[in-house]
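Asks: Sharing protein.pdb here; it has PDB, C-alpha atoms and all ligand atoms.
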```
MODEL        1
ATOM      1  CA  MET A 198      -7.630  11.554  56.946  1.00  0.00           C
ATOM      2  CA  ALA A 199      -9.584  13.454  54.309  1.00  0.00           C
ATOM      3  CA  ASP A 200      -9.896  10.227  52.304  1.00  0.00           C
ATOM      4  CA  THR A 201     -11.450   8.485  55.282  1.00  0.00           C
ATOM      5  CA  VAL A 202     -14.150  11.139  55.576  1.00  0.00           C
ATOM      6  CA  ILE A 203     -15.018  10.923  51.883  1.00  0.00           C
ATOM      7  CA  LEU A 204     -15.231   7.138  51.976  1.00  0.00           C
ATOM      8  CA  ARG A 205     -17.553   7.272  54.949  1.00  0.00           C
ATOM      9  CA  GLY A 206     -19.801   9.582  52.979  1.00  0.00           C
ATOM     10  CA  LEU A 207     -20.012   7.169  50.068  1.00  0.00           C
ATOM     11  CA  MET A 208     -20.095   3.754  51.651  1.00  0.00           C
ATOM     12  CA  PRO A 209     -21.704   2.109  54.635  1.00  0.00           C
ATOM     13  CA  THR A 210     -19.310   1.950  57.569  1.00  0.00           C
ATOM     14  CA  ALA A 211     -18.095  -1.303  59.093  1.00  0.00           C
ATOM     15  CA  SER A 212     -20.445  -0.954  62.044  1.00  0.00           C
ATOM     16  CA  MET A 213     -23.421  -0.420  59.711  1.00  0.00           C
ATOM     17  CA  ASN A 214     -22.487  -3.592  57.855  1.00  0.00           C
ATOM     18  CA  GLU A 215     -22.381  -5.522  61.096  1.00  0.00           C
ATOM     19  CA  LEU A 216     -25.785  -4.128  62.005  1.00  0.00           C
ATOM     20  CA  TYR A 217     -27.320  -5.154  58.678  1.00  0.00           C
ATOM     21  CA  GLY A 218     -25.492  -8.462  58.846  1.00  0.00           C
ATOM     22  CA  GLU A 219     -27.155  -9.123  62.187  1.00  0.00           C
ATOM     23  CA  ALA A 220     -30.559  -8.074  60.808  1.00  0.00           C
ATOM     24  CA  ILE A 221     -30.123 -10.522  57.929  1.00  0.00           C
ATOM     25  CA  ARG A 222     -28.941 -13.327  60.221  1.00  0.00           C
ATOM     26  CA  SER A 223     -31.847 -12.984  62.645  1.00  0.00           C
ATOM     27  CA  GLU A 224     -34.404 -12.589  59.847  1.00  0.00           C
ATOM     28  CA  SER A 225     -33.038 -15.663  58.046  1.00  0.00           C
ATOM     29  CA  ARG A 226     -33.783 -17.653  61.205  1.00  0.00           C
ATOM     30  CA  LYS A 227     -37.233 -16.090  61.675  1.00  0.00           C
ATOM     31  CA  GLN A 228     -38.466 -17.155  58.229  1.00  0.00           C
ATOM     32  CA  THR A 229     -41.807 -15.352  58.346  1.00  0.00           C
ATOM     33  CA  GLY A 230     -44.304 -16.779  55.873  1.00  0.00           C
ATOM     34  CA  ARG A 231     -42.480 -20.032  55.282  1.00  0.00           C
ATOM     35  CA  GLY A 232     -44.758 -22.803  54.033  1.00  0.00           C
ATOM     36  CA  THR A 233     -46.638 -22.934  50.730  1.00  0.00           C
ATOM     37  CA  THR A 234     -49.939 -24.735  50.306  1.00  0.00           C
ATOM     38  CA  ASN A 235     -50.256 -24.906  46.504  1.00  0.00           C
ATOM     39  CA  VAL A 236     -54.017 -24.876  46.985  1.00  0.00           C
ATOM     40  CA  SER A 237     -55.522 -21.412  46.909  1.00  0.00           C
ATOM     41  CA  GLY A 238     -52.810 -19.281  45.361  1.00  0.00           C
ATOM     42  CA  ALA A 239     -50.549 -18.928  42.339  1.00  0.00           C
ATOM     43  CA  THR A 240     -46.971 -20.103  42.636  1.00  0.00           C
ATOM     44  CA  ALA A 241     -43.713 -19.380  40.851  1.00  0.00           C
ATOM     45  CA  ASN A 242     -40.247 -20.844  41.302  1.00  0.00           C
ATOM     46  CA  ARG A 243     -36.887 -19.142  40.870  1.00  0.00           C
ATOM     47  CA  ARG A 244     -33.319 -20.272  41.444  1.00  0.00           C
ATOM     48  CA  THR A 245     -29.803 -18.908  41.330  1.00  0.00           C
ATOM     49  CA  LEU A 246     -27.183 -20.965  39.561  1.00  0.00           C
ATOM     50  CA  THR A 247     -24.231 -19.261  41.211  1.00  0.00           C
ATOM     51  CA  CYS A 248     -25.366 -19.529  44.839  1.00  0.00           C
ATOM     52  CA  GLY A 249     -27.674 -22.534  44.633  1.00  0.00           C
ATOM     53  CA  ASP A 250     -30.720 -20.765  46.077  1.00  0.00           C
ATOM     54  CA  SER A 251     -34.138 -22.106  45.182  1.00  0.00           C
ATOM     55  CA  ILE A 252     -37.499 -20.650  46.205  1.00  0.00           C
ATOM     56  CA  THR A 253     -41.166 -21.152  45.475  1.00  0.00           C
ATOM     57  CA  VAL A 254     -43.433 -18.218  46.276  1.00  0.00           C
ATOM     58  CA  GLU A 255     -47.199 -18.467  46.584  1.00  0.00           C
ATOM     59  CA  ILE A 256     -49.478 -15.445  46.414  1.00  0.00           C
ATOM     60  CA  THR A 257     -53.128 -15.495  47.376  1.00  0.00           C
ATOM     61  CA  THR A 258     -55.136 -12.475  46.270  1.00  0.00           C
ATOM     62  CA  ARG A 259     -58.385 -11.138  47.684  1.00  0.00           C
ATOM     63  CA  SER A 260     -61.648 -11.560  45.797  1.00  0.00           C
ATOM     64  CA  ASP A 261     -61.430  -7.953  44.550  1.00  0.00           C
ATOM     65  CA  GLY A 262     -58.325  -8.939  42.572  1.00  0.00           C
ATOM     66  CA  CYS A 263     -56.320  -5.932  43.847  1.00  0.00           C
ATOM     67  CA  GLY A 264     -55.422  -6.888  47.399  1.00  0.00           C
ATOM     68  CA  ILE A 265     -52.922  -9.464  48.592  1.00  0.00           C
ATOM     69  CA  GLU A 266     -54.309 -11.892  51.141  1.00  0.00           C
ATOM     70  CA  SER A 267     -51.005 -13.583  51.876  1.00  0.00           C
ATOM     71  CA  VAL A 268     -47.566 -14.332  50.477  1.00  0.00           C
ATOM     72  CA  THR A 269     -45.891 -17.548  51.566  1.00  0.00           C
ATOM     73  CA  TRP A 270     -42.760 -19.279  50.373  1.00  0.00           C
ATOM     74  CA  ASP A 271     -40.643 -22.362  50.681  1.00  0.00           C
ATOM     75  CA  GLY A 272     -37.090 -23.014  49.635  1.00  0.00           C
ATOM     76  CA  GLU A 273     -33.460 -23.420  50.475  1.00  0.00           C
ATOM     77  CA  GLY A 274     -30.566 -21.054  50.156  1.00  0.00           C
ATOM     78  CA  CYS A 275     -28.165 -18.617  51.732  1.00  0.00           C
ATOM     79  CA  SER A 276     -29.064 -16.333  54.633  1.00  0.00           C
ATOM     80  CA  VAL A 277     -29.517 -13.326  52.311  1.00  0.00           C
ATOM     81  CA  MET A 278     -32.163 -15.147  50.267  1.00  0.00           C
ATOM     82  CA  LEU A 279     -33.937 -16.558  53.340  1.00  0.00           C
ATOM     83  CA  ALA A 280     -33.932 -13.181  55.086  1.00  0.00           C
ATOM     84  CA  SER A 281     -35.213 -11.455  51.958  1.00  0.00           C
ATOM     85  CA  ALA A 282     -38.072 -13.961  51.623  1.00  0.00           C
ATOM     86  CA  SER A 283     -39.013 -13.489  55.277  1.00  0.00           C
ATOM     87  CA  MET A 284     -38.979  -9.681  54.998  1.00  0.00           C
ATOM     88  CA  MET A 285     -40.955  -9.849  51.752  1.00  0.00           C
ATOM     89  CA  SER A 286     -43.720 -11.972  53.241  1.00  0.00           C
ATOM     90  CA  GLU A 287     -44.037  -9.651  56.203  1.00  0.00           C
ATOM     91  CA  HIS A 288     -44.030  -6.484  54.097  1.00  0.00           C
ATOM     92  CA  VAL A 289     -46.396  -7.345  51.232  1.00  0.00           C
ATOM     93  CA  SER A 290     -49.026  -9.560  52.910  1.00  0.00           C
ATOM     94  CA  GLY A 291     -52.199  -7.551  53.434  1.00  0.00           C
ATOM     95  CA  GLY A 292     -51.159  -4.843  50.958  1.00  0.00           C
ATOM     96  CA  SER A 293     -52.153  -4.287  47.347  1.00  0.00           C
ATOM     97  CA  LEU A 294     -50.642  -5.586  44.111  1.00  0.00           C
ATOM     98  CA  ILE A 295     -49.828  -2.017  43.058  1.00  0.00           C
ATOM     99  CA  GLU A 296     -47.917  -1.350  46.292  1.00  0.00           C
ATOM    100  CA  MET A 297     -46.149  -4.682  45.944  1.00  0.00           C
ATOM    101  CA  ARG A 298     -44.896  -3.845  42.425  1.00  0.00           C
ATOM    102  CA  GLU A 299     -43.727  -0.463  43.653  1.00  0.00           C
ATOM    103  CA  SER A 300     -41.855  -2.135  46.518  1.00  0.00           C
ATOM    104  CA  VAL A 301     -40.149  -4.588  44.137  1.00  0.00           C
ATOM    105  CA  GLY A 302     -39.044  -1.715  41.895  1.00  0.00           C
ATOM    106  CA  ARG A 303     -37.711   0.286  44.835  1.00  0.00           C
ATOM    107  CA  LEU A 304     -35.772  -2.670  46.204  1.00  0.00           C
ATOM    108  CA  ARG A 305     -34.354  -3.534  42.772  1.00  0.00           C
ATOM    109  CA  ARG A 306     -32.998   0.013  42.441  1.00  0.00           C
ATOM    110  CA  ILE A 307     -31.516  -0.062  45.964  1.00  0.00           C
ATOM    111  CA  VAL A 308     -29.899  -3.473  45.555  1.00  0.00           C
ATOM    112  CA  THR A 309     -28.354  -2.662  42.160  1.00  0.00           C
ATOM    113  CA  GLU A 310     -27.031   0.756  43.229  1.00  0.00           C
ATOM    114  CA  LYS A 311     -23.280   0.906  43.689  1.00  0.00           C
ATOM    115  CA  ASN A 312     -22.204   1.824  47.212  1.00  0.00           C
ATOM    116  CA  THR A 313     -24.904   4.416  47.665  1.00  0.00           C
ATOM    117  CA  PRO A 314     -26.195   5.184  51.161  1.00  0.00           C
ATOM    118  CA  VAL A 315     -29.691   3.751  51.497  1.00  0.00           C
ATOM    119  CA  LEU A 316     -32.044   6.486  52.646  1.00  0.00           C
ATOM    120  CA  THR A 317     -35.224   4.739  53.683  1.00  0.00           C
ATOM    121  CA  ARG A 318     -37.685   4.326  56.525  1.00  0.00           C
ATOM    122  CA  ARG A 319     -38.183   0.679  55.643  1.00  0.00           C
ATOM    123  CA  PRO A 320     -35.811  -1.483  57.722  1.00  0.00           C
ATOM    124  CA  TYR A 321     -35.799  -4.325  55.172  1.00  0.00           C
ATOM    125  CA  GLU A 322     -34.589  -1.970  52.428  1.00  0.00           C
ATOM    126  CA  ALA A 323     -31.693  -0.833  54.604  1.00  0.00           C
ATOM    127  CA  ALA A 324     -30.798  -4.421  55.519  1.00  0.00           C
ATOM    128  CA  LEU A 325     -31.023  -5.820  51.978  1.00  0.00           C
ATOM    129  CA  GLY A 326     -29.306  -2.706  50.579  1.00  0.00           C
ATOM    130  CA  SER A 327     -26.141  -3.884  52.302  1.00  0.00           C
ATOM    131  CA  VAL A 328     -25.659  -6.382  49.440  1.00  0.00           C
ATOM    132  CA  GLN A 329     -24.517  -3.418  47.338  1.00  0.00           C
ATOM    133  CA  LEU A 330     -21.105  -4.309  48.747  1.00  0.00           C
ATOM    134  CA  PHE A 331     -21.398  -7.905  47.551  1.00  0.00           C
ATOM    135  CA  PRO A 332     -22.421  -7.881  43.852  1.00  0.00           C
ATOM    136  CA  ASN A 333     -22.672 -11.675  43.662  1.00  0.00           C
ATOM    137  CA  ARG A 334     -25.352 -11.581  46.377  1.00  0.00           C
ATOM    138  CA  ARG A 335     -27.667  -9.123  44.598  1.00  0.00           C
ATOM    139  CA  ARG A 336     -29.509 -11.941  42.862  1.00  0.00           C
ATOM    140  CA  CYS A 337     -29.927 -13.728  46.221  1.00  0.00           C
ATOM    141  CA  ALA A 338     -31.636 -10.640  47.674  1.00  0.00           C
ATOM    142  CA  MET A 339     -33.937 -10.173  44.666  1.00  0.00           C
ATOM    143  CA  LEU A 340     -34.805 -13.835  44.051  1.00  0.00           C
ATOM    144  CA  PRO A 341     -37.898 -14.038  46.332  1.00  0.00           C
ATOM    145  CA  TRP A 342     -39.253 -10.777  44.911  1.00  0.00           C
ATOM    146  CA  GLU A 343     -38.734 -11.945  41.316  1.00  0.00           C
ATOM    147  CA  ALA A 344     -40.656 -15.126  42.115  1.00  0.00           C
ATOM    148  CA  LEU A 345     -43.381 -13.017  43.735  1.00  0.00           C
ATOM    149  CA  GLU A 346     -43.734 -10.839  40.616  1.00  0.00           C
ATOM    150  CA  ALA A 347     -43.986 -13.954  38.441  1.00  0.00           C
ATOM    151  CA  ALA A 348     -46.598 -15.534  40.713  1.00  0.00           C
ATOM    152  CA  ALA A 349     -48.615 -12.310  40.794  1.00  0.00           C
ATOM    153  CA  GLU A 350     -48.696 -12.202  36.997  1.00  0.00           C
ATOM    154  CA  LEU A 351     -50.307 -15.635  36.979  1.00  0.00           C
ATOM    155  CA  THR A 352     -53.180 -14.366  39.128  1.00  0.00           C
ATOM    156  CA  GLU A 353     -54.022 -11.790  36.458  1.00  0.00           C
ATOM    157  CA  SER A 354     -54.125 -14.118  33.458  1.00  0.00           C
TER     158      SER A 354
HETATM  159 ZN    ZN B 401     -27.699 -16.893  47.782  1.00  0.00          ZN
ENDMDL
END
```
Would you mind writing the structure in this file as structure tokens?
Ligand SMILES: [Zn+2]
Replies:
Amino acid sequence: MADTVILRGLMPTASMNELYGEAIRSESRKQTGRGTTNVSGATANRRTLTCGDSITVEITTRSDGCGIESVTWDGEGCSVMLASASMMSEHVSGGSLIEMRESVGRLRRIVTEKNTPVLTRRPYEAALGSVQLFPNRRRCAMLPWEALEAAAELTES
């Protein structure tokens, strides 16, 4: 009995996993921001060898060079990757490059943590943090954000 309490303190419970699983499933169908134009923005492509995910992310920056006009993407992959791309597009579009880099760093820490409760007010961090329990899916969750970082670097060169 005592063991059960300790485990609940350290790891997400089954019901939490189902909740995040549902968030990932519905977001992977929503696919916010899907569709790249390859006209106005900078693009970068990333893929996972283990899962077979592939994504191209396009970032269009504002004329001031600091703000993000839009982030779109196109690709194929598992529901974790598709959901992550959808959440990313929704979260970073309209923000700044500095905020975007901070968000990528935060998510990378959350995703690579080991069975640590995710304390956040950002729903996408809680949902994607559930891959802590599935180490081979961490790359799937980070893939769109890695492509975004690479595309953003191109806008600065
Ligand atoms: Zn995947």
Asks: I'd like the neighbourhood of A:Glu224 as a list in words, where a residue qualifies if any of its atoms comes within 10 Å (using only C-alpha atoms), though same-chain residues fewer than 2 positions away should be ignored.
Replies: Gly218, Glu219, Ala220, Ile221, Arg222, Arg226, Lys227, Gln228, Thr229, Ser276, Val277, Leu279, Ala280, Ser281, Ala282, Ser283, Met284, Tyr321 and Ala324 of chain A
Asks: Kindly indicate which residue among A:Met297, A:Cys248, A:Leu351, A:Ala323 lies nearest to ligand ZN 401 (chain B), using all atoms listed in the file for the distances.
Replies: A:Cys248
Asks: Let me have all residues with an atom within 8 Å of ligand ZN 401 (chain B), counting all atoms listed in the file, laid out as a PyMOL selection string.
Replies: chain A and resi 245+247-250+274-278+334+336-338
Asks: In Å to one decimal, how far is atom CA of A:Ser290 from atom CA of A:Trp270?
Replies: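 These two atoms are separated by 11.8 Å.
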Asks: If we count all atoms listed in the file, what is near A:Asn235 at a cut-off of 10 Å, once residues fewer than 3 positions away on the same chain are taken out, given as a ChimeraX atom specification?
Replies: /A:232,238-240,253-257,269
Asks: Would you compute the distance between atom CA of A:Arg318 and atom CA of A:His288? Give it in Å to one decimal.
Replies: 12.8 Å
Asks: Please evaluate the PyMOL selection byres (((chain A and resi 347) around 12) and not hetatm) against the displayed coordinates and give the resulting residues as an MDAnalysis selection string.
Replies: chainID A and resid 239:243 253:256 298 301 340:346 348:354
Asks: With C-alpha atoms retained, write the just-selected residues as a compact mmCIF listing (two decimals), in the frame of the given file.
Replies:
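Here's the written file selection.txt:
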```txt
# COMPACT_ATOMS: atom_id res chain seq x y z
CA ALA A 239 -50.55 -18.93 42.34
CA THR A 240 -46.97 -20.10 42.64
CA ALA A 241 -43.71 -19.38 40.85
CA ASN A 242 -40.25 -20.84 41.30
CA ARG A 243 -36.89 -19.14 40.87
CA THR A 253 -41.17 -21.15 45.48
CA VAL A 254 -43.43 -18.22 46.28
CA GLU A 255 -47.20 -18.47 46.58
CA ILE A 256 -49.48 -15.44 46.41
CA ARG A 298 -44.90 -3.84 42.42
CA VAL A 301 -40.15 -4.59 44.14
CA LEU A 340 -34.80 -13.84 44.05
CA PRO A 341 -37.90 -14.04 46.33
CA TRP A 342 -39.25 -10.78 44.91
CA GLU A 343 -38.73 -11.94 41.32
CA ALA A 344 -40.66 -15.13 42.12
CA LEU A 345 -43.38 -13.02 43.74
CA GLU A 346 -43.73 -10.84 40.62
CA ALA A 348 -46.60 -15.53 40.71
CA ALA A 349 -48.62 -12.31 40.79
CA GLU A 350 -48.70 -12.20 37.00
CA LEU A 351 -50.31 -15.64 36.98
CA THR A 352 -53.18 -14.37 39.13
CA GLU A 353 -54.02 -11.79 36.46
CA SER A 354 -54.12 -14.12 33.46
```
Asks: Hey, can you check how far atom CA of A:Gly230 sits from atom CA of A:Thr258?
Replies: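 Going from atom CA of A:Gly230 over to atom CA of A:Thr258 covers 15.1 Å.
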Asks: Build an axis-aligned box that encloses every atom of stretch 257-271 of chain A listed in the file, pad it by 4 Å on each side, and report its centre and edge lengths in Å to one decimal, as lines of an AutoDock Vina configuration file.
Replies:
```
center_x = -51.1
center_y = -14.1
center_z = 47.2
size_x = 29.0
size_y = 24.4
size_z = 17.3
```
Asks: List the neighbours of A:Leu294 out to 7 Å using all atoms listed in the file; skip same-chain residues closer than 5 positions along the sequence, and give me the result as an mmCIF file with C-alpha atoms, keeping the file's coordinate frame.
Replies:
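After the write, selection.cif holds the following:
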```
data_model
loop_
_atom_site.group_PDB
_atom_site.id
_atom_site.type_symbol
_atom_site.label_atom_id
_atom_site.label_comp_id
_atom_site.auth_asym_id
_atom_site.auth_seq_id
_atom_site.Cartn_x
_atom_site.Cartn_y
_atom_site.Cartn_z
ATOM 1 C CA CYS A 263 -56.320 -5.932 43.847
ATOM 2 C CA GLY A 264 -55.422 -6.888 47.399
ATOM 3 C CA ILE A 265 -52.922 -9.464 48.592
#
```
Asks: Name the residues captured by the PyMOL selection byres (((chain A and resi 331) around 12) and not hetatm) when it is applied to the shown file; answer as a list in words.
Replies: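 Checked against the file, the PyMOL selection byres (((chain A and resi 331) around 12) and not hetatm) matches Asn214, Val277, Val308, Thr309, Glu310, Lys311, Asn312, Leu325, Gly326, Ser327, Val328, Gln329, Leu330, Pro332, Asn333, Arg334, Arg335, Arg336, Cys337 and Ala338 of chain A.
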Asks: Taking into account all atoms listed in the file, which residue in the set A:Arg259, A:Arg244, A:Arg319, A:Arg231 is nearest to A:Ile307?
Replies: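 Closest to A:Ile307, using all atoms listed in the file: A:Arg319.
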Asks: Of the candidates A:Ser260, A:Gly272, A:Thr317, A:Val289, which shows the shortest atom-to-atom distance to A:Ser237, using all atoms listed in the file?
Replies: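 Result for the nearest residue to A:Ser237: A:Ser260.
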